[in-house]
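One structure is given below, encoded as structure tokens.
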Amino acid sequence: MKIPASIFLFIVILCGMLLLFFGIKNTIQLNQTSNHYHSIEGYFVDYTLYSKGGYDAVRHKHTNDTYQLIYQYTVNGQDYTVATDYGSGVIPEIGSTKQIKYDPNAPENAIIVGTNSDNAMVFIGFLFVVIPLFM
């Protein structure tokens, strides 16, 4: 059974709108939560395997491993770590820096400033909405 193109495009746009909604909602919540956080420089110290690469039978190609990056930061002489919430195919140089925002009342609660998994949701959602409109 074939799905008419207009129904398929509607489903793609609807999925894109959902991704946009949740990506923006999560970004706003993260910004509100971290609004009172203090900024500090963190240093890349380690990584863990986020997902194992291998042969993707659906796409008929090999994929690479991705890694969760771990950064260390120091507050009042105490060291803490924070990890990315997404996988990266690129491992930065040990000691490279990123801005970290931490809760001054609980320094173990921190986020890495910049890219996060919600940014990907917004980007993909935007593509799912815009591209079908040109079709």
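Going through the structure tokens in order, the chains are called A, B, and so on, while each chain numbers its residues from 1 and the ligands are numbered from 1 in the order shown.
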
Considering only C-alpha atoms, tabulate each residue of region 85-127 of chain A that lies at most 9 Å from region 36-49 of chain A along with its nearest interatomic pair and the corresponding distance in Å to one decimal; arrange the rows by chain and ascending residue number and present them as a tab-separated table.
residue	atom	partner	partner_atom	distance
A:Gly87	CA	A:Leu49	CA	8.3
A:Ile91	CA	A:Tyr47	CA	7.7
A:Pro92	CA	A:Phe44	CA	7.3
A:Glu93	CA	A:Phe44	CA	7.3
A:Ile94	CA	A:Phe44	CA	5.4
A:Gly95	CA	A:Phe44	CA	5.0
A:Ser96	CA	A:Phe44	CA	5.4
A:Thr97	CA	A:Tyr43	CA	4.6
A:Lys98	CA	A:Gly42	CA	5.3
A:Gln99	CA	A:Glu41	CA	4.8
A:Ile100	CA	A:Ile40	CA	5.3
A:Lys101	CA	A:Ser39	CA	4.4
A:Tyr102	CA	A:Tyr37	CA	5.0
A:Asp103	CA	A:Tyr37	CA	4.6
A:Pro104	CA	A:Tyr37	CA	6.3
A:Asn105	CA	A:Tyr37	CA	8.9
A:Ala110	CA	A:Tyr37	CA	8.1
A:Ile112	CA	A:Gly42	CA	8.5
A:Val113	CA	A:Ser39	CA	8.9

With all heavy atoms retained, write the just-selected residues as a short mmCIF file (atom, residue, chain, number, x, y, z; two decimals), in the first residue's frame.
data_model
loop_
_atom_site.label_atom_id
_atom_site.label_comp_id
_atom_site.auth_asym_id
_atom_site.auth_seq_id
_atom_site.Cartn_x
_atom_site.Cartn_y
_atom_site.Cartn_z
N GLY A 87 26.98 12.25 21.83
CA GLY A 87 28.18 11.59 21.35
C GLY A 87 28.91 12.45 20.35
O GLY A 87 28.29 13.12 19.52
N ILE A 91 37.59 13.62 19.31
CA ILE A 91 38.11 13.70 20.67
C ILE A 91 39.06 14.89 20.71
O ILE A 91 40.06 14.92 19.99
CB ILE A 91 38.84 12.41 21.07
CG1 ILE A 91 37.88 11.22 21.01
CG2 ILE A 91 39.45 12.56 22.45
CD1 ILE A 91 38.53 9.88 21.20
N PRO A 92 38.76 15.88 21.56
CA PRO A 92 39.66 17.04 21.63
C PRO A 92 40.98 16.69 22.30
O PRO A 92 41.14 15.62 22.89
CB PRO A 92 38.87 18.05 22.46
CG PRO A 92 37.77 17.32 23.10
CD PRO A 92 37.61 16.01 22.41
N GLU A 93 41.90 17.61 22.22
CA GLU A 93 43.20 17.44 22.83
C GLU A 93 43.06 17.52 24.36
O GLU A 93 42.32 18.36 24.87
CB GLU A 93 44.13 18.55 22.34
CG GLU A 93 45.58 18.36 22.68
CD GLU A 93 46.43 19.42 22.03
OE1 GLU A 93 46.22 19.72 20.84
OE2 GLU A 93 47.30 19.96 22.73
N ILE A 94 43.76 16.64 25.07
CA ILE A 94 43.74 16.66 26.54
C ILE A 94 44.16 18.06 27.00
O ILE A 94 45.12 18.62 26.51
CB ILE A 94 44.68 15.59 27.13
CG1 ILE A 94 44.19 14.19 26.79
CG2 ILE A 94 44.85 15.76 28.64
CD1 ILE A 94 42.94 13.75 27.51
N GLY A 95 43.38 18.62 27.91
CA GLY A 95 43.68 19.95 28.43
C GLY A 95 42.99 21.08 27.70
O GLY A 95 43.04 22.22 28.15
N SER A 96 42.34 20.76 26.55
CA SER A 96 41.61 21.82 25.85
C SER A 96 40.46 22.28 26.73
O SER A 96 39.99 21.55 27.60
CB SER A 96 41.13 21.35 24.48
OG SER A 96 40.26 20.26 24.61
N THR A 97 40.00 23.50 26.52
CA THR A 97 39.05 24.09 27.46
C THR A 97 37.66 24.27 26.88
O THR A 97 37.47 24.36 25.66
CB THR A 97 39.55 25.47 27.94
OG1 THR A 97 39.66 26.34 26.81
CG2 THR A 97 40.89 25.35 28.64
N LYS A 98 36.71 24.32 27.78
CA LYS A 98 35.30 24.64 27.50
C LYS A 98 34.77 25.44 28.68
O LYS A 98 35.21 25.25 29.81
CB LYS A 98 34.44 23.38 27.37
CG LYS A 98 34.51 22.68 26.06
CD LYS A 98 33.51 23.27 25.11
CE LYS A 98 33.32 22.31 23.95
NZ LYS A 98 32.47 22.84 22.94
N GLN A 99 33.79 26.29 28.42
CA GLN A 99 33.12 27.00 29.50
C GLN A 99 32.16 26.04 30.19
O GLN A 99 31.40 25.32 29.54
CB GLN A 99 32.33 28.20 28.97
CG GLN A 99 33.12 29.48 28.81
CD GLN A 99 33.82 29.92 30.07
OE1 GLN A 99 35.03 29.86 30.12
NE2 GLN A 99 33.12 30.34 31.08
N ILE A 100 32.21 26.04 31.50
CA ILE A 100 31.33 25.22 32.32
C ILE A 100 30.51 26.18 33.18
O ILE A 100 31.02 27.16 33.69
CB ILE A 100 32.14 24.29 33.26
CG1 ILE A 100 33.17 23.46 32.49
CG2 ILE A 100 31.21 23.41 34.11
CD1 ILE A 100 32.60 22.48 31.51
N LYS A 101 29.22 25.89 33.32
CA LYS A 101 28.36 26.64 34.24
C LYS A 101 27.96 25.68 35.35
O LYS A 101 27.50 24.58 35.08
CB LYS A 101 27.13 27.19 33.52
CG LYS A 101 27.47 28.34 32.57
CD LYS A 101 26.25 28.89 31.89
CE LYS A 101 25.54 29.85 32.82
NZ LYS A 101 24.41 30.53 32.19
N TYR A 102 28.16 26.10 36.61
CA TYR A 102 27.86 25.24 37.74
C TYR A 102 26.99 25.98 38.75
O TYR A 102 26.99 27.20 38.84
CB TYR A 102 29.15 24.74 38.40
CG TYR A 102 29.92 25.83 39.12
CD1 TYR A 102 29.68 26.09 40.47
CD2 TYR A 102 30.85 26.61 38.45
CE1 TYR A 102 30.38 27.10 41.13
CE2 TYR A 102 31.53 27.62 39.09
CZ TYR A 102 31.29 27.86 40.43
OH TYR A 102 31.96 28.87 41.07
N ASP A 103 26.24 25.20 39.50
CA ASP A 103 25.37 25.72 40.55
C ASP A 103 26.25 26.08 41.76
O ASP A 103 26.90 25.19 42.32
CB ASP A 103 24.34 24.66 40.94
CG ASP A 103 23.33 25.14 41.96
OD1 ASP A 103 23.55 26.18 42.60
OD2 ASP A 103 22.29 24.46 42.10
N PRO A 104 26.28 27.35 42.17
CA PRO A 104 27.14 27.72 43.29
C PRO A 104 26.73 27.06 44.61
O PRO A 104 27.56 26.88 45.50
CB PRO A 104 27.00 29.25 43.37
CG PRO A 104 25.75 29.57 42.64
CD PRO A 104 25.55 28.49 41.63
N ASN A 105 25.47 26.65 44.74
CA ASN A 105 25.00 25.98 45.94
C ASN A 105 25.27 24.47 45.92
O ASN A 105 25.23 23.82 46.97
CB ASN A 105 23.51 26.22 46.14
CG ASN A 105 23.20 27.70 46.30
OD1 ASN A 105 23.92 28.43 46.97
ND2 ASN A 105 22.15 28.16 45.64
N ALA A 110 26.38 20.75 37.01
CA ALA A 110 27.01 21.63 36.02
C ALA A 110 26.58 21.25 34.61
O ALA A 110 26.09 20.14 34.38
CB ALA A 110 28.52 21.54 36.15
N ILE A 112 27.92 21.93 30.34
CA ILE A 112 28.94 22.42 29.43
C ILE A 112 28.25 23.43 28.52
O ILE A 112 27.23 23.11 27.89
CB ILE A 112 29.56 21.27 28.62
CG1 ILE A 112 30.19 20.26 29.57
CG2 ILE A 112 30.57 21.80 27.61
CD1 ILE A 112 30.61 18.96 28.92
N VAL A 113 28.79 24.63 28.44
CA VAL A 113 28.20 25.68 27.61
C VAL A 113 28.44 25.33 26.14
O VAL A 113 29.53 24.93 25.76
CB VAL A 113 28.82 27.06 27.96
CG1 VAL A 113 28.29 28.13 27.03
CG2 VAL A 113 28.53 27.41 29.41
#

Expected answer as a PyMOL selection string: strand (DSSP E) residues in region 7-110 of chain A: chain A and resi 38-51+54-56+61-63+66-75+78-83+97-103+106-110

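Among the candidates A:Ile11, A:Ile24, A:Asn35, A:Pro4, the one nearest to Val122 (chain A) when counting only C-alpha atoms is A:Ile24.
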
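The spacing separating CA of Gly125 (chain A) from CA of Arg59 (chain A) amounts to 21.2 Å.
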
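Taking only C-alpha atoms, the non-local environment of Asn119 (chain A) within 9 Å (same-chain residues fewer than 4 positions away omitted) comprises A:Gly23, A:Ile24, A:Thr27, A:Gly114, A:Thr115, A:Phe123, A:Ile124.
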
Contact residues around Gly54 (chain A) with only C-alpha atoms at 8 Å, ignoring same-chain residues under 2 positions, as a compact mmCIF listing (two decimals) with N, CA and C atoms, in the first residue's frame:
# COMPACT_ATOMS: atom_id res chain seq x y z
N LYS A 52 29.03 2.46 19.84
CA LYS A 52 30.00 1.69 19.05
C LYS A 52 29.64 1.78 17.58
N ASP A 56 26.36 -0.47 9.30
CA ASP A 56 24.93 -0.15 9.36
C ASP A 56 24.28 -0.79 8.14
N HIS A 62 29.65 1.91 6.86
CA HIS A 62 30.26 1.79 8.18
C HIS A 62 30.11 3.10 8.93
N THR A 63 29.85 2.99 10.24
CA THR A 63 29.76 4.18 11.09
C THR A 63 30.93 4.16 12.06
N ASN A 64 31.28 5.33 12.56
CA ASN A 64 32.39 5.45 13.50
C ASN A 64 31.88 5.41 14.93
N ASP A 65 32.79 5.10 15.84
CA ASP A 65 32.48 5.20 17.26
C ASP A 65 32.22 6.66 17.61

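One finds CA of Ile7 (chain A) at 11.3 Å from CA of Pro132 (chain A).
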